[in-house]
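Just final.pdb here, PDB, C-alpha atoms:
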ATOM      1  CA  MET A  89      57.170  62.790 111.373
ATOM      2  CA  ALA A  90      60.299  61.772 109.472
ATOM      3  CA  ASP A  91      62.989  64.410 108.946
ATOM      4  CA  PRO A  92      63.360  65.002 105.169
ATOM      5  CA  ASN A  93      66.897  66.336 105.682
ATOM      6  CA  ALA A  94      67.899  63.087 107.387
ATOM      7  CA  ALA A  95      66.568  61.065 104.447
ATOM      8  CA  THR A  96      68.459  63.269 101.969
ATOM      9  CA  GLN A  97      71.640  62.990 104.031
ATOM     10  CA  THR A  98      71.339  59.196 104.031
ATOM     11  CA  GLN A  99      70.905  59.232 100.253
ATOM     12  CA  LEU A 100      73.941  61.516  99.832
ATOM     13  CA  ARG A 101      76.087  59.315 102.076
ATOM     14  CA  ASN A 102      75.080  56.314  99.970
ATOM     15  CA  ILE A 103      76.002  58.219  96.791
ATOM     16  CA  GLN A 104      79.421  59.038  98.274
ATOM     17  CA  SER A 105      79.934  55.349  99.090
ATOM     18  CA  LYS A 106      78.856  54.220  95.596
ATOM     19  CA  THR A 107      81.035  56.685  93.722
ATOM     20  CA  GLY A 108      83.987  57.010  96.105
ATOM     21  CA  LYS A 109      83.586  60.788  95.713
ATOM     22  CA  SER A 110      82.316  63.408  98.122
ATOM     23  CA  ILE A 111      79.284  65.453  97.092
ATOM     24  CA  ALA A 112      81.638  68.460  96.789
ATOM     25  CA  GLU A 113      83.827  66.486  94.353
ATOM     26  CA  LEU A 114      80.754  65.525  92.320
ATOM     27  CA  HIS A 115      79.672  69.177  92.241
ATOM     28  CA  ALA A 116      83.173  70.179  91.051
ATOM     29  CA  ALA A 117      83.021  67.520  88.325
ATOM     30  CA  LEU A 118      79.667  68.903  87.229
ATOM     31  CA  ALA A 119      81.118  72.412  87.103
ATOM     32  CA  ALA A 120      84.016  71.207  84.982
ATOM     33  CA  SER A 121      81.585  69.492  82.577
ATOM     34  CA  GLY A 122      80.372  72.904  81.394
ATOM     35  CA  LEU A 123      76.753  71.746  81.380
ATOM     36  CA  ALA A 124      74.149  74.200  82.632
ATOM     37  CA  ARG A 125      70.722  72.537  82.284
ATOM     38  CA  HIS A 126      69.517  70.397  85.167
ATOM     39  CA  GLY A 127      68.553  67.449  82.955
ATOM     40  CA  ASP A 128      71.855  67.507  81.084
ATOM     41  CA  ARG A 129      73.779  67.568  84.348
ATOM     42  CA  ARG A 130      71.721  64.675  85.719
ATOM     43  CA  SER A 131      72.309  62.608  82.567
ATOM     44  CA  TRP A 132      76.040  63.365  82.694
ATOM     45  CA  LEU A 133      76.258  62.063  86.280
ATOM     46  CA  MET A 134      74.316  58.952  85.320
ATOM     47  CA  GLU A 135      76.722  58.272  82.455
ATOM     48  CA  HIS A 136      80.035  59.148  84.137
ATOM     49  CA  PHE A 137      79.398  57.912  87.681
ATOM     50  CA  LYS A 138      76.849  55.176  86.960
ATOM     51  CA  LEU A 139      74.281  56.775  89.261
ATOM     52  CA  GLY A 140      70.587  56.025  89.018
ATOM     53  CA  TYR A 141      68.140  58.737  88.012
ATOM     54  CA  GLY A 142      67.123  59.602  91.603
ATOM     55  CA  ASP A 143      70.687  59.736  92.939
ATOM     56  CA  ALA A 144      71.930  61.839  90.012
ATOM     57  CA  ASN A 145      68.951  64.164  90.424
ATOM     58  CA  ALA A 146      69.722  64.564  94.137
ATOM     59  CA  VAL A 147      73.355  65.531  93.445
ATOM     60  CA  VAL A 148      72.289  68.171  90.907
ATOM     61  CA  THR A 149      69.573  69.518  93.200
ATOM     62  CA  VAL A 150      71.473  69.880  96.500
ATOM     63  CA  GLN A 151      73.632  72.889  95.660
ATOM     64  CA  GLY A 152      73.790  76.405  97.032
ATOM     65  CA  PRO A 153      72.969  77.965 100.383
ATOM     66  CA  THR A 154      69.463  76.449 100.473
ATOM     67  CA  TYR A 155      71.019  73.031 101.053
ATOM     68  CA  ALA A 156      73.822  74.120 103.395
ATOM     69  CA  ALA A 157      72.204  72.397 106.398
ATOM     70  CA  VAL A 158      71.730  69.155 104.488
ATOM     71  CA  LEU A 159      75.340  69.094 103.290
ATOM     72  CA  ALA A 160      76.670  70.126 106.699
ATOM     73  CA  GLY A 161      74.773  67.208 108.203
ATOM     74  CA  LEU A 162      76.913  64.765 106.239
ATOM     75  CA  GLY A 163      79.423  65.082 109.076
ATOM     76  CA  ALA A 164      82.482  67.126 109.936
ATOM     77  CA  ASP A 165      84.725  64.636 108.150
ATOM     78  CA  SER A 166      82.862  65.139 104.899
ATOM     79  CA  PRO A 167      84.469  67.530 102.405
ATOM     80  CA  SER A 168      80.952  68.693 101.548
ATOM     81  CA  ALA A 169      80.420  69.933 105.088
ATOM     82  CA  ALA A 170      83.643  71.935 104.948
ATOM     83  CA  ASN A 171      82.374  73.647 101.828
ATOM     84  CA  VAL A 172      79.258  75.057 103.487
ATOM     85  CA  GLU A 173      79.923  75.675 107.185
ATOM     86  CA  GLY A 174      82.033  78.774 107.749
ATOM     87  CA  ASP A 175      82.716  79.073 104.028
ATOM     88  CA  PRO A 176      82.721  82.702 102.888
ATOM     89  CA  LEU A 177      81.824  81.591  99.357
ATOM     90  CA  ALA A 178      78.362  80.758 100.671
ATOM     91  CA  ALA A 179      77.975  84.470 101.495
ATOM     92  CA  ILE A 180      79.543  85.665  98.220
ATOM     93  CA  TYR A 181      77.474  83.386  95.971
ATOM     94  CA  THR A 182      73.957  83.893  97.308
ATOM     95  CA  GLY A 183      70.572  84.405  95.731
ATOM     96  CA  ALA A 184      70.653  84.673  91.942
ATOM     97  CA  LYS A 185      74.472  84.452  92.012
ATOM     98  CA  ALA A 186      74.445  81.013  93.695
ATOM     99  CA  GLN A 187      74.369  79.349  90.274
ATOM    100  CA  LEU A 188      77.878  80.759  89.618
ATOM    101  CA  ARG A 189      79.487  78.774  92.438
ATOM    102  CA  PRO A 190      80.371  75.784  90.191
ATOM    103  CA  LEU A 191      81.996  78.155  87.681
ATOM    104  CA  HIS A 192      84.030  79.703  90.519
ATOM    105  CA  ALA A 193      85.095  76.189  91.562
ATOM    106  CA  ALA A 194      86.207  75.397  88.014
ATOM    107  CA  VAL A 195      88.296  78.597  87.870
ATOM    108  CA  MET A 196      89.891  77.736  91.206
ATOM    109  CA  GLU A 197      90.649  74.208  90.033
ATOM    110  CA  ALA A 198      92.628  75.650  87.105
ATOM    111  CA  ILE A 199      94.484  78.029  89.433
ATOM    112  CA  ASP A 200      95.271  75.247  91.914
ATOM    113  CA  ARG A 201      97.407  73.567  89.243
ATOM    114  CA  LEU A 202      99.847  76.508  89.261
ATOM    115  CA  GLY A 203     101.204  75.813  92.739
ATOM    116  CA  PRO A 204     100.793  77.132  96.282
ATOM    117  CA  TYR A 205      99.013  80.378  97.043
ATOM    118  CA  GLU A 206      96.795  81.888  99.721
ATOM    119  CA  GLN A 207      93.087  82.631  99.448
ATOM    120  CA  ALA A 208      91.871  85.712 101.325
ATOM    121  CA  PRO A 209      88.065  85.942 101.092
ATOM    122  CA  LYS A 210      86.603  89.432 101.091
ATOM    123  CA  LYS A 211      82.968  90.540 101.191
ATOM    124  CA  THR A 212      82.290  90.193  97.440
ATOM    125  CA  TYR A 213      85.300  88.311  96.029
ATOM    126  CA  VAL A 214      88.272  86.124  96.911
ATOM    127  CA  SER A 215      91.774  87.613  96.776
ATOM    128  CA  LEU A 216      94.502  85.209  95.632
ATOM    129  CA  ARG A 217      97.983  85.944  96.935
ATOM    130  CA  ARG A 218     101.574  84.783  96.837
ATOM    131  CA  LYS A 219     104.005  87.454  98.038
ATOM    132  CA  LYS A 220     101.364  89.874  96.782
ATOM    133  CA  GLN A 221      97.908  89.623  95.251
ATOM    134  CA  PHE A 222      97.929  88.145  91.771
ATOM    135  CA  ALA A 223      94.208  87.735  91.115
ATOM    136  CA  MET A 224      90.689  88.312  92.398
ATOM    137  CA  VAL A 225      87.721  86.044  91.644
ATOM    138  CA  GLY A 226      84.071  86.786  92.381
ATOM    139  CA  PRO A 227      80.635  87.238  90.867
ATOM    140  CA  ALA A 228      80.226  90.252  88.585
ATOM    141  CA  THR A 229      76.571  89.692  87.708
ATOM    142  CA  LYS A 230      74.123  86.852  88.246
ATOM    143  CA  GLU A 231      75.445  85.325  85.011
ATOM    144  CA  GLN A 232      79.184  86.083  85.054
ATOM    145  CA  VAL A 233      82.235  85.621  87.253
ATOM    146  CA  GLU A 234      84.856  88.364  87.100
ATOM    147  CA  ILE A 235      88.582  87.745  87.360
ATOM    148  CA  GLY A 236      90.934  90.584  88.166
ATOM    149  CA  LEU A 237      94.592  90.084  87.207
ATOM    150  CA  ASN A 238      97.734  91.783  88.479
ATOM    151  CA  ALA A 239     100.007  91.318  85.507
ATOM    152  CA  ARG A 240     101.818  93.989  83.577
ATOM    153  CA  ASP A 241     102.036  94.168  79.826
ATOM    154  CA  LEU A 242      99.628  91.425  78.785
ATOM    155  CA  SER A 243      99.096  91.457  75.033
ATOM    156  CA  PRO A 244      95.885  93.228  74.043
ATOM    157  CA  HIS A 245      92.945  90.861  73.663
ATOM    158  CA  PRO A 246      89.187  91.457  73.222
ATOM    159  CA  ARG A 247      88.448  89.549  76.449
ATOM    160  CA  LEU A 248      90.866  91.620  78.571
ATOM    161  CA  LYS A 249      89.798  94.994  79.920
ATOM    162  CA  ALA A 250      92.732  97.193  80.938
ATOM    163  CA  MET A 251      92.064  99.043  84.178
ATOM    164  CA  PRO A 252      93.198 102.574  85.077
ATOM    165  CA  PRO A 253      96.569 102.867  86.875
ATOM    166  CA  GLY A 254      96.475 102.711  90.660
ATOM    167  CA  GLY A 255      93.643 100.196  90.875
ATOM    168  CA  MET A 256      93.664  96.818  92.569
ATOM    169  CA  CYS A 257      94.217  95.005  89.249
ATOM    170  CA  GLN A 258      95.713  95.906  85.897
ATOM    171  CA  TYR A 259      93.173  93.806  83.937
ATOM    172  CA  THR A 260      89.747  92.268  84.382
ATOM    173  CA  LEU A 261      87.722  89.825  82.360
ATOM    174  CA  ARG A 262      84.399  88.073  82.751
ATOM    175  CA  LEU A 263      83.274  84.561  81.979
ATOM    176  CA  GLY A 264      79.902  82.879  82.015
ATOM    177  CA  GLN A 265      80.756  79.277  81.273
ATOM    178  CA  VAL A 266      83.433  76.698  81.995
ATOM    179  CA  ALA A 267      84.428  76.538  78.307
ATOM    180  CA  GLU A 268      85.881  80.048  78.691
ATOM    181  CA  ILE A 269      88.554  78.674  81.043
ATOM    182  CA  ASP A 270      90.760  78.171  78.025
ATOM    183  CA  ALA A 271      94.474  78.351  77.187
ATOM    184  CA  ASP A 272      94.398  82.163  76.953
ATOM    185  CA  LEU A 273      92.858  82.592  80.394
ATOM    186  CA  LYS A 274      95.243  80.064  81.951
ATOM    187  CA  ALA A 275      98.232  81.866  80.392
ATOM    188  CA  TRP A 276      97.085  85.243  81.738
ATOM    189  CA  ILE A 277      96.537  83.824  85.230
ATOM    190  CA  LYS A 278      99.951  82.118  85.114
ATOM    191  CA  ALA A 279     101.615  85.397  84.134
ATOM    192  CA  ALA A 280      99.979  87.099  87.135
ATOM    193  CA  TYR A 281     100.858  84.153  89.400
ATOM    194  CA  ASP A 282     104.521  84.177  88.314
ATOM    195  CA  ALA A 283     104.780  87.940  88.762
ATOM    196  CA  ALA A 284     103.517  87.702  92.363
ATOM    197  CA  GLY A 285     105.997  85.035  93.454
TER     198      GLY A 285
END

Give the structure from this file in structure tokens form.
Amino acid sequence: MADPNAATQTQLRNIQSKTGKSIAELHAALAASGLARHGDRRSWLMEHFKLGYGDANAVVTVQGPTYAAVLAGLGADSPSAANVEGDPLAAIYTGAKAQLRPLHAAVMEAIDRLGPYEQAPKKTYVSLRRKKQFAMVGPATKEQVEIGLNARDLSPHPRLKAMPPGGMCQYTLRLGQVAEIDADLKAWIKAAYDAAG
């Protein structure tokens, strides 16, 4: 009997060749699109990467821990494999929270633009550090990612929740969609990043 994982891996390799992008890069692009519905995401891939219906559908479908073996089988040199094997995010974003992984990736993409920093994965979140921790990112609920910020004296804002003194972060906020990674959020993260340098 034919191995269905092998057939899917062949299809994914062909998609990578057609687009010049790894499956992980396509997943990140989907996350940045802000689209949530499967059909909308499929259509977006068809339009932006000129994929056929079946290929676009495969890219949208093969996400999360369920498909870790398929993605890992793309080979050790594939960025997609690096994102599933030994990746603590696979343990953090499991079950109902797995759908938040693209949102986490979009947050991290915005943070990456600030400059160098270290990621220290914990059991339920990822600590982001320079000389000291400047932020924490992880799932808060099955529908929201929480960001903790170490920044003093941020201007009051309805999205920011001030935390009691002595905690791991001075502020937290939650987001449920990519559109919430806006200028305000980027400014708050930059303030925390600068303060930790």

message = I'd like to know which of A:Ile103, A:Asp272, A:Leu123, A:Arg247 is closest to A:Gly142, using all atoms listed in the file.
response =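 For A:Gly142, the nearest of the candidates is A:Ile103.
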
Distance atom CA of A:Ala184-atom CA of A:Ile269, one decimal place?
->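 Pair atom CA of A:Ala184 / atom CA of A:Ile269 returns 21.8 Å.
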
Quick one: everything within 12 Å of A:Asp200, counting all atoms listed in the file, minus sequence neighbours fewer than 6 positions away in the same chain. Send it as a PDB file with C-alpha atoms, in the frame of the given file.
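part-v4.pdb, written as the output of this step:
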ATOM      1  CA  ALA A 193      85.095  76.189  91.562  1.00  0.00           C
ATOM      2  CA  ALA A 194      86.207  75.397  88.014  1.00  0.00           C
ATOM      3  CA  GLU A 206      96.795  81.888  99.721  1.00  0.00           C
ATOM      4  CA  GLN A 207      93.087  82.631  99.448  1.00  0.00           C
ATOM      5  CA  LEU A 216      94.502  85.209  95.632  1.00  0.00           C
ATOM      6  CA  LYS A 274      95.243  80.064  81.951  1.00  0.00           C
ATOM      7  CA  ILE A 277      96.537  83.824  85.230  1.00  0.00           C
ATOM      8  CA  LYS A 278      99.951  82.118  85.114  1.00  0.00           C
ATOM      9  CA  TYR A 281     100.858  84.153  89.400  1.00  0.00           C
TER      10      TYR A 281
END

Practice task
Name the residues captured by the PyMOL selection byres ((chain A and resi 190) around 10) when it is applied to the shown file; answer as a count of residues only.
Solution key: 25

As a check of understanding: the span from atom CA of A:Ala94 to atom CA of A:Ser110 is 17.1 Å

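Among the candidates A:Ala239, A:Cys257, A:Leu159, A:Leu263, the one nearest to A:Trp276 when counting only C-alpha atoms is A:Ala239.
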
*Interatomic distance between atom CA of A:Ala275 and atom CA of A:Pro227?*
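Separation of atom CA of A:Ala275 and atom CA of A:Pro227: 21.2 Å.
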
Test item: the PyMOL selection byres ((chain A and resi 221) around 12) resolved as a short mmCIF file (atom, residue, chain, number, x, y, z; two decimals) with C-alpha atoms, in the coordinates of the input:
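What landed in result35.cif:
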data_model
loop_
_atom_site.label_atom_id
_atom_site.label_comp_id
_atom_site.auth_asym_id
_atom_site.auth_seq_id
_atom_site.Cartn_x
_atom_site.Cartn_y
_atom_site.Cartn_z
CA TYR A 205 99.01 80.38 97.04
CA GLU A 206 96.80 81.89 99.72
CA GLN A 207 93.09 82.63 99.45
CA ALA A 208 91.87 85.71 101.32
CA VAL A 214 88.27 86.12 96.91
CA SER A 215 91.77 87.61 96.78
CA LEU A 216 94.50 85.21 95.63
CA ARG A 217 97.98 85.94 96.94
CA ARG A 218 101.57 84.78 96.84
CA LYS A 219 104.00 87.45 98.04
CA LYS A 220 101.36 89.87 96.78
CA PHE A 222 97.93 88.14 91.77
CA ALA A 223 94.21 87.74 91.12
CA MET A 224 90.69 88.31 92.40
CA VAL A 225 87.72 86.04 91.64
CA GLY A 236 90.93 90.58 88.17
CA LEU A 237 94.59 90.08 87.21
CA ASN A 238 97.73 91.78 88.48
CA ALA A 239 100.01 91.32 85.51
CA MET A 256 93.66 96.82 92.57
CA CYS A 257 94.22 95.00 89.25
CA GLN A 258 95.71 95.91 85.90
CA ILE A 277 96.54 83.82 85.23
CA ALA A 280 99.98 87.10 87.14
CA TYR A 281 100.86 84.15 89.40
CA ASP A 282 104.52 84.18 88.31
CA ALA A 283 104.78 87.94 88.76
CA ALA A 284 103.52 87.70 92.36
CA GLY A 285 106.00 85.04 93.45
#

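For the residues A:Gly226, A:Pro253, A:Gly127, A:Gly203, ranking by smallest atom-to-atom distance to A:Pro176 using all atoms listed in the file places A:Gly226 first.
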
Using all atoms listed in the file, the shortest atom-to-atom distance to A:Ser243 among A:Tyr259, A:Ser105, A:Met134, A:Arg201 belongs to A:Tyr259

Judged by all atoms listed in the file, the minimum distance to A:Glu234 among A:Lys249, A:His136, A:Arg101, A:Arg262 is found for A:Arg262

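You can rank A:Pro246, A:Pro204, A:Gly183, A:Gly140 by their closest distance to A:Leu261 using only C-alpha atoms, and at the top of that list sits A:Pro246.
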
Per-axis box centre and lengths in Å around stretch 140-149 of chain A, 5 Å margin per side, axis-aligned, as lines of an AutoDock Vina configuration file:
center_x = 70.2
center_y = 62.8
center_z = 91.1
size_x = 16.2
size_y = 23.5
size_z = 16.1

- List, as a ChimeraX atom specification, every residue that the PyMOL selection byres ((chain A and resi 104) around 12) selects in the file provided. /A:97-103,105-115,137,139,143-144,146-147,159,162,166-168
